[in-house]
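Undergrad: See target-v3.csv below, with CSV, C-alpha atoms and all ligand atoms.
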chain,number,residue,atom,x,y,z
A,11,MET,CA,78.6,40.1,24.3
A,12,LYS,CA,76.2,37.1,24.4
A,13,LYS,CA,77.0,34.1,22.2
A,14,ASP,CA,74.4,32.0,20.3
A,15,PHE,CA,74.6,28.6,18.7
A,16,LEU,CA,72.6,28.9,15.5
A,17,ASP,CA,75.1,27.4,13.2
A,18,LEU,CA,78.4,25.4,13.6
A,19,ALA,CA,80.1,27.9,11.4
A,20,GLN,CA,79.5,30.6,14.1
A,21,TRP,CA,82.0,28.8,16.4
A,22,SER,CA,85.7,28.5,15.8
A,23,ARG,CA,87.4,25.1,15.7
A,24,ASP,CA,89.0,25.8,19.1
A,25,GLU,CA,85.6,26.7,20.6
A,26,LEU,CA,84.1,23.5,19.2
A,27,GLU,CA,87.0,21.5,20.5
A,28,SER,CA,86.6,22.9,24.0
A,29,LEU,CA,82.9,22.2,23.9
A,30,LEU,CA,83.4,18.6,22.8
A,31,THR,CA,86.1,18.1,25.5
A,32,LEU,CA,83.7,19.4,28.1
A,33,ALA,CA,81.0,17.0,26.7
A,34,ALA,CA,83.4,14.1,27.3
A,35,GLU,CA,84.0,15.3,30.9
A,36,LEU,CA,80.2,15.6,31.4
A,37,LYS,CA,79.6,12.1,30.1
A,38,ALA,CA,82.4,10.6,32.3
A,39,ALA,CA,81.5,12.4,35.5
A,40,PRO,CA,78.1,14.1,35.4
A,41,GLU,CA,77.9,14.4,39.2
A,42,LYS,CA,80.8,17.0,39.1
A,43,PHE,CA,78.5,19.4,37.2
A,44,SER,CA,75.2,18.8,39.1
A,45,GLN,CA,74.9,22.3,40.3
A,46,ILE,CA,76.8,24.3,37.7
A,47,LEU,CA,73.5,25.9,36.3
A,48,ALA,CA,71.7,26.2,39.7
A,49,GLY,CA,69.0,28.8,39.4
A,50,LYS,CA,69.2,29.0,35.6
A,51,SER,CA,66.3,28.5,33.2
A,52,LEU,CA,66.1,27.5,29.5
A,53,ALA,CA,62.9,28.3,27.5
A,54,MET,CA,62.4,25.7,24.8
A,55,ILE,CA,60.1,26.8,21.9
A,56,PHE,CA,58.9,24.0,19.6
A,57,LYS,CA,57.0,24.7,16.4
A,58,LYS,CA,57.7,21.1,15.3
A,59,SER,CA,57.6,17.8,17.0
A,60,SER,CA,60.5,16.3,18.9
A,61,THR,CA,61.5,13.4,21.1
A,62,ARG,CA,65.3,13.5,21.5
A,63,THR,CA,65.8,17.3,21.4
A,64,ARG,CA,63.1,18.1,23.9
A,65,VAL,CA,64.0,15.4,26.4
A,66,SER,CA,67.8,15.8,26.1
A,67,PHE,CA,67.6,19.6,26.7
A,68,GLU,CA,65.0,19.3,29.5
A,69,VAL,CA,66.8,16.5,31.3
A,70,GLY,CA,70.1,18.2,30.6
A,71,MET,CA,69.1,21.4,32.3
A,72,PHE,CA,67.8,19.4,35.3
A,73,GLN,CA,71.0,17.4,35.6
A,74,LEU,CA,73.0,20.7,35.6
A,75,GLY,CA,70.9,22.0,38.5
A,76,GLY,CA,68.7,24.3,36.4
A,77,GLN,CA,65.3,23.9,34.8
A,78,ALA,CA,63.7,24.0,31.4
A,79,VAL,CA,60.3,25.5,30.3
A,80,PHE,CA,58.6,23.7,27.4
A,81,MET,CA,56.7,26.1,25.1
A,82,SER,CA,54.8,24.5,22.2
A,83,SER,CA,53.6,27.0,19.7
A,84,ALA,CA,50.1,25.5,20.0
A,85,HIS,CA,49.8,26.5,23.7
A,86,THR,CA,51.6,29.9,23.7
A,87,GLN,CA,50.9,33.2,22.1
A,88,ILE,CA,53.5,32.3,19.5
A,89,GLY,CA,50.9,30.1,17.9
A,90,ARG,CA,48.5,33.0,17.9
A,91,GLY,CA,50.9,35.3,16.0
A,92,GLU,CA,52.8,37.2,18.7
A,93,PRO,CA,56.0,38.4,16.9
A,94,LEU,CA,59.2,36.5,17.7
A,95,GLU,CA,60.8,39.9,18.3
A,96,ASP,CA,58.5,40.4,21.2
A,97,THR,CA,58.8,36.8,22.4
A,98,ALA,CA,62.6,37.2,22.4
A,99,ARG,CA,62.4,40.3,24.5
A,100,VAL,CA,59.9,38.9,27.0
A,101,LEU,CA,61.7,35.6,27.5
A,102,SER,CA,65.0,37.4,27.9
A,103,ARG,CA,63.5,39.0,31.1
A,104,TYR,CA,62.7,35.6,32.5
A,105,VAL,CA,65.2,33.0,31.4
A,106,ASP,CA,69.0,32.6,30.8
A,107,GLY,CA,68.8,30.9,27.4
A,108,ILE,CA,66.3,30.0,24.7
A,109,MET,CA,66.3,26.9,22.5
A,110,ILE,CA,64.0,27.0,19.4
A,111,ARG,CA,62.9,24.4,16.8
A,112,THR,CA,61.1,25.9,13.9
A,113,PHE,CA,60.6,25.9,10.1
A,114,GLU,CA,62.3,29.1,8.7
A,115,HIS,CA,65.9,29.5,9.6
A,116,SER,CA,65.3,33.3,9.5
A,117,GLU,CA,63.0,33.0,12.6
A,118,VAL,CA,65.9,31.7,14.6
A,119,VAL,CA,68.1,34.5,13.4
A,120,THR,CA,65.4,37.1,14.3
A,121,LEU,CA,64.9,35.5,17.7
A,122,ALA,CA,68.7,35.7,18.4
A,123,GLN,CA,68.9,39.3,17.2
A,124,HIS,CA,66.2,40.4,19.6
A,125,ALA,CA,67.1,38.2,22.6
A,126,THR,CA,69.6,39.4,25.1
A,127,VAL,CA,70.2,35.8,26.2
A,128,PRO,CA,71.9,33.0,24.2
A,129,VAL,CA,69.8,31.3,21.6
A,130,ILE,CA,70.3,27.7,20.5
A,131,ASN,CA,69.1,26.3,17.2
A,132,GLY,CA,67.2,23.0,17.9
A,133,LEU,CA,66.6,22.4,14.2
A,134,THR,CA,65.3,24.5,11.3
A,135,ASP,CA,64.5,23.5,7.7
A,136,PHE,CA,68.0,24.7,6.9
A,137,LEU,CA,70.2,23.3,9.7
A,138,HIS,CA,70.4,20.9,12.7
A,139,PRO,CA,73.7,21.9,14.3
A,140,CYS,CA,73.1,20.2,17.7
A,141,GLN,CA,72.7,16.8,16.0
A,142,VAL,CA,75.7,17.0,13.7
A,143,LEU,CA,77.9,18.3,16.5
A,144,THR,CA,76.8,15.2,18.5
A,145,ASP,CA,77.5,13.0,15.5
A,146,ILE,CA,81.1,14.4,15.4
A,147,PHE,CA,81.4,13.7,19.1
A,148,THR,CA,80.1,10.1,18.5
A,149,ILE,CA,82.6,9.4,15.7
A,150,LYS,CA,85.5,10.8,17.7
A,151,GLU,CA,84.4,8.7,20.8
A,152,HIS,CA,83.9,5.5,18.8
A,153,LEU,CA,87.1,5.7,16.9
A,154,GLY,CA,89.1,7.1,19.8
A,155,LEU,CA,90.3,10.1,17.7
A,156,ALA,CA,91.4,13.6,18.5
A,157,LEU,CA,89.5,16.3,16.7
A,158,SER,CA,92.5,17.0,14.5
A,159,ASP,CA,92.5,13.4,13.3
A,160,LEU,CA,89.1,14.0,11.7
A,161,SER,CA,90.8,16.0,8.9
A,162,GLY,CA,90.4,14.0,5.7
A,163,LEU,CA,88.0,11.5,7.3
A,164,LYS,CA,85.6,10.1,4.6
A,165,VAL,CA,82.0,10.6,5.5
A,166,ALA,CA,79.1,9.6,3.2
A,167,TYR,CA,75.6,11.1,3.5
A,168,ILE,CA,72.9,9.2,1.5
A,169,GLY,CA,69.6,10.9,0.9
A,170,ASP,CA,67.9,14.2,1.0
A,171,GLY,CA,69.9,17.5,0.8
A,172,ASN,CA,68.1,18.7,3.9
A,173,ASN,CA,69.0,20.3,7.2
A,174,MET,CA,71.2,17.3,8.1
A,175,ALA,CA,73.1,17.4,4.8
A,176,ASN,CA,73.6,21.2,5.2
A,177,SER,CA,74.9,20.8,8.7
A,178,TRP,CA,77.2,18.0,7.6
A,179,MET,CA,78.7,20.5,5.1
A,180,ASN,CA,79.3,22.9,8.0
A,181,ALA,CA,81.0,20.1,9.8
A,182,ALA,CA,83.2,19.4,6.8
A,183,LEU,CA,84.1,23.1,6.9
A,184,SER,CA,84.9,23.1,10.7
A,185,PHE,CA,86.6,19.7,10.9
A,186,GLY,CA,88.1,19.2,7.5
A,187,LEU,CA,86.0,16.2,6.5
A,188,ASP,CA,86.0,14.6,3.1
A,189,LEU,CA,82.2,14.5,2.7
A,190,ARG,CA,80.3,12.9,-0.2
A,191,ILE,CA,76.6,13.5,-0.4
A,192,ALA,CA,74.5,11.2,-2.7
A,193,CYS,CA,71.1,12.7,-3.5
A,194,PRO,CA,68.6,12.7,-6.4
A,195,LEU,CA,68.5,15.5,-8.9
A,196,GLY,CA,66.6,18.4,-7.5
A,197,TYR,CA,67.2,17.4,-3.9
A,198,GLU,CA,70.7,18.9,-3.5
A,199,PRO,CA,71.9,20.6,-0.3
A,200,ASP,CA,72.4,24.3,-0.1
A,201,THR,CA,74.6,25.6,-3.0
A,202,THR,CA,75.9,28.6,-1.1
A,203,LEU,CA,77.1,26.4,1.8
A,204,LEU,CA,78.6,23.9,-0.7
A,205,GLU,CA,80.7,26.7,-2.3
A,206,ARG,CA,81.7,28.1,1.0
A,207,VAL,CA,83.2,24.8,2.0
A,208,ASN,CA,84.9,24.1,-1.3
A,209,HIS,CA,86.4,27.5,-1.5
A,210,ALA,CA,87.6,27.9,2.1
A,211,ASP,CA,91.3,27.4,2.9
A,212,ASN,CA,92.1,24.5,5.2
A,213,ALA,CA,88.6,23.3,5.1
A,214,GLY,CA,87.4,19.9,4.1
A,215,GLN,CA,85.7,19.2,0.8
A,216,VAL,CA,82.2,18.2,-0.2
A,217,ALA,CA,81.2,16.3,-3.4
A,218,VAL,CA,77.6,16.0,-4.4
A,219,VAL,CA,77.0,12.8,-6.4
A,220,ARG,CA,74.0,11.0,-7.8
A,221,GLU,CA,75.0,7.4,-7.1
A,222,PRO,CA,74.9,6.2,-3.4
A,223,MET,CA,77.6,3.7,-4.4
A,224,ALA,CA,79.9,6.5,-5.5
A,225,ALA,CA,79.5,8.2,-2.1
A,226,ALA,CA,79.9,5.0,-0.1
A,227,GLN,CA,83.1,3.9,-1.8
A,228,GLY,CA,85.8,3.5,0.8
A,229,THR,CA,84.0,5.7,3.3
A,230,LYS,CA,84.5,5.3,7.1
A,231,VAL,CA,81.1,6.8,8.1
A,232,LEU,CA,77.8,6.2,6.4
A,233,ASN,CA,75.0,8.5,7.4
A,234,THR,CA,71.4,9.0,6.4
A,235,ASP,CA,68.2,10.8,7.3
A,236,VAL,CA,64.5,10.4,6.5
A,237,TRP,CA,63.3,11.0,2.9
A,238,ALA,CA,60.6,13.3,4.0
A,239,SER,CA,61.4,15.8,6.8
A,240,MET,CA,58.9,17.4,9.2
A,241,GLY,CA,56.8,19.8,7.2
A,242,GLN,CA,57.1,17.7,4.0
A,243,GLU,CA,54.4,15.1,4.9
A,244,GLU,CA,52.4,15.9,1.8
A,245,GLU,CA,55.4,15.1,-0.4
A,246,ALA,CA,56.0,11.8,1.3
A,247,LEU,CA,54.5,9.6,-1.4
A,248,GLU,CA,56.4,11.4,-4.2
A,249,ARG,CA,59.6,11.3,-2.2
A,250,ARG,CA,59.3,7.5,-1.7
A,251,ARG,CA,59.4,7.2,-5.5
A,252,VAL,CA,62.2,9.8,-6.0
A,253,PHE,CA,64.4,8.4,-3.2
A,254,ALA,CA,64.0,4.7,-3.9
A,255,GLY,CA,67.6,3.3,-3.9
A,256,TYR,CA,69.0,6.1,-1.6
A,257,GLN,CA,69.2,3.6,1.2
A,258,ILE,CA,71.9,2.3,3.5
A,259,ASN,CA,71.8,-1.5,2.9
A,260,ASP,CA,74.2,-4.4,2.9
A,261,GLU,CA,75.3,-3.8,-0.6
A,262,LEU,CA,76.3,-0.2,0.2
A,263,LEU,CA,78.1,-1.4,3.3
A,264,LEU,CA,80.3,-3.7,1.2
A,265,ALA,CA,81.5,-0.7,-0.8
A,266,ALA,CA,82.6,1.2,2.4
A,267,ASP,CA,85.8,1.0,4.3
A,268,GLN,CA,86.3,-2.0,6.7
A,269,ASP,CA,84.2,-1.7,9.8
A,270,PRO,CA,82.4,1.5,8.8
A,271,LEU,CA,80.2,3.4,11.2
A,272,VAL,CA,76.5,3.8,10.4
A,273,LEU,CA,74.8,6.8,11.9
A,274,HIS,CA,71.2,7.9,11.9
A,275,CYS,CA,69.9,11.0,13.7
A,276,LEU,CA,66.5,9.3,14.2
A,277,PRO,CA,63.6,8.9,13.8
A,278,ALA,CA,64.3,6.1,11.3
A,279,HIS,CA,62.1,4.7,8.6
A,280,ARG,CA,63.2,1.1,8.2
A,281,GLY,CA,62.9,-0.1,4.6
A,282,GLU,CA,63.3,3.5,3.3
A,283,GLU,CA,66.6,5.3,4.0
A,284,ILE,CA,68.0,2.3,5.9
A,285,THR,CA,67.1,-1.4,6.0
A,286,ALA,CA,65.9,-3.0,9.2
A,287,ALA,CA,68.8,-5.4,9.1
A,288,VAL,CA,71.5,-2.7,8.9
A,289,PHE,CA,69.6,-0.6,11.5
A,290,GLU,CA,69.6,-3.5,14.0
A,291,ARG,CA,73.2,-4.4,13.4
A,292,TYR,CA,74.2,-0.8,14.2
A,293,GLN,CA,71.6,-0.1,16.8
A,294,ASP,CA,74.0,0.2,19.7
A,295,LEU,CA,76.0,2.9,17.9
A,296,ILE,CA,72.8,4.7,16.8
A,297,PHE,CA,71.4,4.8,20.3
A,298,THR,CA,74.7,5.9,21.7
A,299,GLN,CA,74.5,8.7,19.1
A,300,ALA,CA,71.1,9.6,20.5
A,301,GLU,CA,72.4,9.4,24.1
A,302,ASN,CA,75.2,11.7,23.2
A,303,ARG,CA,72.8,14.5,22.4
A,304,LEU,CA,72.4,14.8,26.2
A,305,HIS,CA,76.1,15.1,26.9
A,306,VAL,CA,76.9,17.5,24.0
A,307,GLN,CA,74.0,19.8,24.7
A,308,LYS,CA,74.8,19.9,28.4
A,309,ALA,CA,78.3,21.1,27.4
A,310,LEU,CA,76.6,23.7,25.1
A,311,LEU,CA,74.4,24.8,28.0
A,312,VAL,CA,77.4,25.2,30.4
A,313,LYS,CA,79.3,27.1,27.7
A,314,LEU,CA,76.4,29.5,27.0
A,315,LEU,CA,74.6,29.9,30.3
A,316,ASN,CA,77.4,29.7,32.9
A,317,LYS,CA,78.6,33.2,33.7
A,318,ARG,CA,82.2,32.0,34.2
A,319,GLU,CA,82.2,30.4,30.8
A,320,GLU,CA,80.6,33.5,29.2
A,321,LYS,CA,83.5,35.5,30.5
A,322,ASN,CA,85.9,33.3,28.6
A,323,HIS,CA,84.1,34.2,25.4
A,324,GLU,CA,84.5,38.0,26.0
B,1,LIG,N1,67.3,13.7,16.0
B,1,LIG,C1,66.4,14.6,16.5
B,1,LIG,O1,66.5,15.8,16.5
B,1,LIG,O2,65.3,14.0,17.1
B,1,LIG,P1,63.9,14.6,17.6
B,1,LIG,O3,63.2,15.1,16.3
B,1,LIG,O4,63.2,13.6,18.2
B,1,LIG,O5,64.3,15.8,18.5
B,2,LIG,N1,65.5,16.0,8.5
B,2,LIG,C1,64.7,15.6,9.6
B,2,LIG,C2,65.6,15.5,10.9
B,2,LIG,C3,64.8,15.1,12.1
B,2,LIG,C4,65.7,15.1,13.3
B,2,LIG,C5,63.6,16.6,9.8
B,2,LIG,O1,63.8,17.8,9.7
B,2,LIG,O2,62.5,16.2,10.0
Starting from the file, lay out its structure as structure tokens.
Ligand code: CP
Ligand code: NVA
TA:
Amino acid sequence: MKKDFLDLAQWSRDELESLLTLAAELKAAPEKFSQILAGKSLAMIFKKSSTRTRVSFEVGMFQLGGQAVFMSSAHTQIGRGEPLEDTARVLSRYVDGIMIRTFEHSEVVTLAQHATVPVINGLTDFLHPCQVLTDIFTIKEHLGLALSDLSGLKVAYIGDGNNMANSWMNAALSFGLDLRIACPLGYEPDTTLLERVNHADNAGQVAVVREPMAAAQGTKVLNTDVWASMGQEEEALERRRVFAGYQINDELLLAADQDPLVLHCLPAHRGEEITAAVFERYQDLIFTQAENRLHVQKALLVKLLNKREEKNHE
């Protein structure tokens, strides 16, 4: 049976561990894997903008010996209303995998249901699993921890209860994190996911709080995202008012654990969710985080598109 990557929760902890181990091997010795996906193609559907996701998947396929096909909705029949069900069936006859970035999460699910090749979620309004898996890899790498050591790790997320916050809740479930999310009233993350994490055995825990300071207290990782996501441009002004104070700044860092990590999925809005001074102080880690998208997604592509790896899943 084909496997997809729509949601961290679809993969077991062992599968995620194996993926992250492979990502570390790919980062350390990329030349060993230079032909592993020779002859393979990945279609990449973008209904939203992207810098990191597009380039890391495209270059990642090239570095593995395969190729990527960029499909913006504006320049394909998708933008003219061809059903995703048909796009899924057509693309499955040409390519070995499909990556999609879109608005409604249900579109990714529909695409995966109708495709006979693996589908990867490159961001929806609901989730951004490739990013958060990369963030976990970056934390592990920076702190020199095994995946099992992440259990109980304090992570704070400051800002909007959006696709990133929801994916962090999935990460809390998969890796046992102690996650605190600080968001304004009315901007909470998904309640179903929140309950799933807090009611699961052996999972981490998630607390949703109002005060950024309460989330940051004693935390090892501080994490944020833009106040207005793609598709919310018209709300940007109102959101600037609502989110004022939901910012990673020096004061918040003082409340955190000693030597905290500051992560940002990018793009960043300095002076909004993070100050310019904090951003620049942590820029090396933040750009390593961006670089790691390449290594983690290459591991994902090998796991999903390489026939030998597929057999391991059956
Ligand atoms: N972080 C992230 O997904 O960046 P892009 O929107 O540039 O792909
Ligand atoms: N929450 C942001 C993440 C961008 C990578 C957005 O959806 O625009």
Undergrad: Which residue is closest to Asn233 (chain A)? Choose from A:Asp145, A:Asp14, A:Glu117, A:Glu282 and count only C-alpha atoms.
TA: A:Asp145
Undergrad: Counting only C-alpha atoms, find the residues whose atoms lie at most 12 Å from (60.7, 11.1, -5.9) (file coordinates) and write them out as JSON, numbers by chain.
TA: {"A": [169, 170, 193, 194, 195, 196, 197, 237, 238, 245, 246, 247, 248, 249, 250, 251, 252, 253, 254, 255, 256]}
Undergrad: Find the residues around Gln87 (chain A) up to 12 Å (all atoms listed in the file counted), leave out those fewer than 4 positions away in its own chain, and share them as number ranges by chain.
TA: A: 55, 57, 81-83, 91-94, 96-97, 100
Undergrad: What lies within 10 Å of Gln268 (chain A) using all atoms listed in the file, ignoring chain neighbours under 3 positions off, as an MDAnalysis selection string?
TA: chainID A and resid 228:230 263:265 271
Undergrad: So the first atom is CA of Lys50 (chain A) and the second is CA of Tyr104 (chain A); what is the distance between them in Å, to one decimal place?
TA: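 Result for CA of Lys50 (chain A) versus CA of Tyr104 (chain A): 9.8 Å, one decimal.
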Undergrad: Around ligand LIG 2 (chain B), out to 12 Å and counting only C-alpha atoms and all ligand atoms, which residues are there? I want them as number ranges by chain.
TA: A: 57-64, 111-115, 132-142, 169-178, 199, 234-243, 246, 274-279, 283, 300, 303
Undergrad: Ranking A:Ala48, A:Ala19, A:Glu290, A:Ala166 by minimum distance to Ala210 (chain A) and counting only C-alpha atoms, which one comes first?
TA: A:Ala19
Undergrad: Mind pulling up the distance from atom O4 of ligand LIG 1 (chain B) to CA of Leu314 (chain A)?
TA: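 Distance between the two atoms: 22.5 Å.
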Undergrad: I'd like the contact shell of region 214-219 of chain A - 12 Å cut-off, all atoms listed in the file, skipping same-chain residues fewer than 3 positions apart - returned as an NGL selection string.
TA: :A and (158 or 160-171 or 175-201 or 203-211 or 222-227 or 256)
Undergrad: Excluding same-chain residues fewer than 3 positions from Lys42 (chain A), what lies within 12 Å of it counting only C-alpha atoms, as number ranges by chain?
TA: A: 32, 35-39, 45-47, 73-75
Undergrad: Which residue is closest to Asp269 (chain A)? Choose from A:Leu311, A:Val231, A:His305, A:Leu18 and count only C-alpha atoms.
TA: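 Counting only C-alpha atoms, the residue closest to Asp269 (chain A) is A:Val231.
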Undergrad: Could region 127-147 of chain A be completed with N, CA, C and O atoms and written as a PDB file, in the frame of the given file, please?
TA:
ATOM      1  N   VAL A 127      69.655  37.059  25.694  1.00  0.00           N
ATOM      2  CA  VAL A 127      70.200  35.800  26.200  1.00  0.00           C
ATOM      3  C   VAL A 127      70.599  34.906  25.063  1.00  0.00           C
ATOM      4  O   VAL A 127      70.076  35.083  23.956  1.00  0.00           O
ATOM      5  N   PRO A 128      71.493  33.925  25.295  1.00  0.00           N
ATOM      6  CA  PRO A 128      71.900  33.000  24.200  1.00  0.00           C
ATOM      7  C   PRO A 128      70.737  32.256  23.599  1.00  0.00           C
ATOM      8  O   PRO A 128      69.817  31.837  24.316  1.00  0.00           O
ATOM      9  N   VAL A 129      70.789  32.083  22.285  1.00  0.00           N
ATOM     10  CA  VAL A 129      69.800  31.300  21.600  1.00  0.00           C
ATOM     11  C   VAL A 129      70.427  30.100  20.922  1.00  0.00           C
ATOM     12  O   VAL A 129      71.516  30.200  20.329  1.00  0.00           O
ATOM     13  N   ILE A 130      69.763  28.955  21.039  1.00  0.00           N
ATOM     14  CA  ILE A 130      70.300  27.700  20.500  1.00  0.00           C
ATOM     15  C   ILE A 130      69.310  27.207  19.412  1.00  0.00           C
ATOM     16  O   ILE A 130      68.095  27.165  19.632  1.00  0.00           O
ATOM     17  N   ASN A 131      69.860  26.824  18.274  1.00  0.00           N
ATOM     18  CA  ASN A 131      69.100  26.300  17.200  1.00  0.00           C
ATOM     19  C   ASN A 131      68.828  24.777  17.419  1.00  0.00           C
ATOM     20  O   ASN A 131      69.750  23.975  17.318  1.00  0.00           O
ATOM     21  N   GLY A 132      67.584  24.429  17.694  1.00  0.00           N
ATOM     22  CA  GLY A 132      67.200  23.000  17.900  1.00  0.00           C
ATOM     23  C   GLY A 132      66.689  22.351  16.677  1.00  0.00           C
ATOM     24  O   GLY A 132      66.053  21.315  16.777  1.00  0.00           O
ATOM     25  N   LEU A 133      66.923  22.917  15.529  1.00  0.00           N
ATOM     26  CA  LEU A 133      66.600  22.400  14.200  1.00  0.00           C
ATOM     27  C   LEU A 133      65.694  23.470  13.461  1.00  0.00           C
ATOM     28  O   LEU A 133      64.743  24.009  14.037  1.00  0.00           O
ATOM     29  N   THR A 134      66.112  23.738  12.236  1.00  0.00           N
ATOM     30  CA  THR A 134      65.300  24.500  11.300  1.00  0.00           C
ATOM     31  C   THR A 134      65.227  23.712  10.002  1.00  0.00           C
ATOM     32  O   THR A 134      65.903  22.692   9.865  1.00  0.00           O
ATOM     33  N   ASP A 135      64.477  24.214   9.026  1.00  0.00           N
ATOM     34  CA  ASP A 135      64.500  23.500   7.700  1.00  0.00           C
ATOM     35  C   ASP A 135      65.858  23.553   7.103  1.00  0.00           C
ATOM     36  O   ASP A 135      66.166  22.719   6.250  1.00  0.00           O
ATOM     37  N   PHE A 136      66.701  24.494   7.527  1.00  0.00           N
ATOM     38  CA  PHE A 136      68.000  24.700   6.900  1.00  0.00           C
ATOM     39  C   PHE A 136      69.139  23.924   7.637  1.00  0.00           C
ATOM     40  O   PHE A 136      70.013  23.343   6.994  1.00  0.00           O
ATOM     41  N   LEU A 137      69.108  23.920   8.966  1.00  0.00           N
ATOM     42  CA  LEU A 137      70.200  23.300   9.700  1.00  0.00           C
ATOM     43  C   LEU A 137      69.764  22.579  10.965  1.00  0.00           C
ATOM     44  O   LEU A 137      68.702  22.880  11.521  1.00  0.00           O
ATOM     45  N   HIS A 138      70.611  21.633  11.396  1.00  0.00           N
ATOM     46  CA  HIS A 138      70.400  20.900  12.700  1.00  0.00           C
ATOM     47  C   HIS A 138      71.753  20.776  13.352  1.00  0.00           C
ATOM     48  O   HIS A 138      72.300  19.684  13.467  1.00  0.00           O
ATOM     49  N   PRO A 139      72.303  21.898  13.831  1.00  0.00           N
ATOM     50  CA  PRO A 139      73.700  21.900  14.300  1.00  0.00           C
ATOM     51  C   PRO A 139      73.901  21.040  15.585  1.00  0.00           C
ATOM     52  O   PRO A 139      74.976  20.444  15.740  1.00  0.00           O
ATOM     53  N   CYS A 140      72.913  20.976  16.494  1.00  0.00           N
ATOM     54  CA  CYS A 140      73.100  20.200  17.700  1.00  0.00           C
ATOM     55  C   CYS A 140      73.292  18.715  17.359  1.00  0.00           C
ATOM     56  O   CYS A 140      74.095  18.008  17.975  1.00  0.00           O
ATOM     57  N   GLN A 141      72.551  18.253  16.342  1.00  0.00           N
ATOM     58  CA  GLN A 141      72.700  16.800  16.000  1.00  0.00           C
ATOM     59  C   GLN A 141      74.016  16.542  15.332  1.00  0.00           C
ATOM     60  O   GLN A 141      74.667  15.565  15.700  1.00  0.00           O
ATOM     61  N   VAL A 142      74.446  17.389  14.411  1.00  0.00           N
ATOM     62  CA  VAL A 142      75.700  17.000  13.700  1.00  0.00           C
ATOM     63  C   VAL A 142      76.904  17.206  14.634  1.00  0.00           C
ATOM     64  O   VAL A 142      77.857  16.430  14.558  1.00  0.00           O
ATOM     65  N   LEU A 143      76.843  18.167  15.555  1.00  0.00           N
ATOM     66  CA  LEU A 143      77.900  18.300  16.500  1.00  0.00           C
ATOM     67  C   LEU A 143      78.002  17.000  17.373  1.00  0.00           C
ATOM     68  O   LEU A 143      79.079  16.473  17.659  1.00  0.00           O
ATOM     69  N   THR A 144      76.832  16.482  17.727  1.00  0.00           N
ATOM     70  CA  THR A 144      76.800  15.200  18.500  1.00  0.00           C
ATOM     71  C   THR A 144      77.315  14.073  17.630  1.00  0.00           C
ATOM     72  O   THR A 144      77.990  13.168  18.150  1.00  0.00           O
ATOM     73  N   ASP A 145      77.033  14.092  16.347  1.00  0.00           N
ATOM     74  CA  ASP A 145      77.500  13.000  15.500  1.00  0.00           C
ATOM     75  C   ASP A 145      79.044  13.046  15.404  1.00  0.00           C
ATOM     76  O   ASP A 145      79.695  11.996  15.418  1.00  0.00           O
ATOM     77  N   ILE A 146      79.609  14.249  15.364  1.00  0.00           N
ATOM     78  CA  ILE A 146      81.100  14.400  15.400  1.00  0.00           C
ATOM     79  C   ILE A 146      81.634  13.828  16.684  1.00  0.00           C
ATOM     80  O   ILE A 146      82.617  13.079  16.703  1.00  0.00           O
ATOM     81  N   PHE A 147      80.984  14.172  17.794  1.00  0.00           N
ATOM     82  CA  PHE A 147      81.400  13.700  19.100  1.00  0.00           C
ATOM     83  C   PHE A 147      81.363  12.131  19.107  1.00  0.00           C
ATOM     84  O   PHE A 147      82.282  11.460  19.589  1.00  0.00           O
TER      85      PHE A 147
END
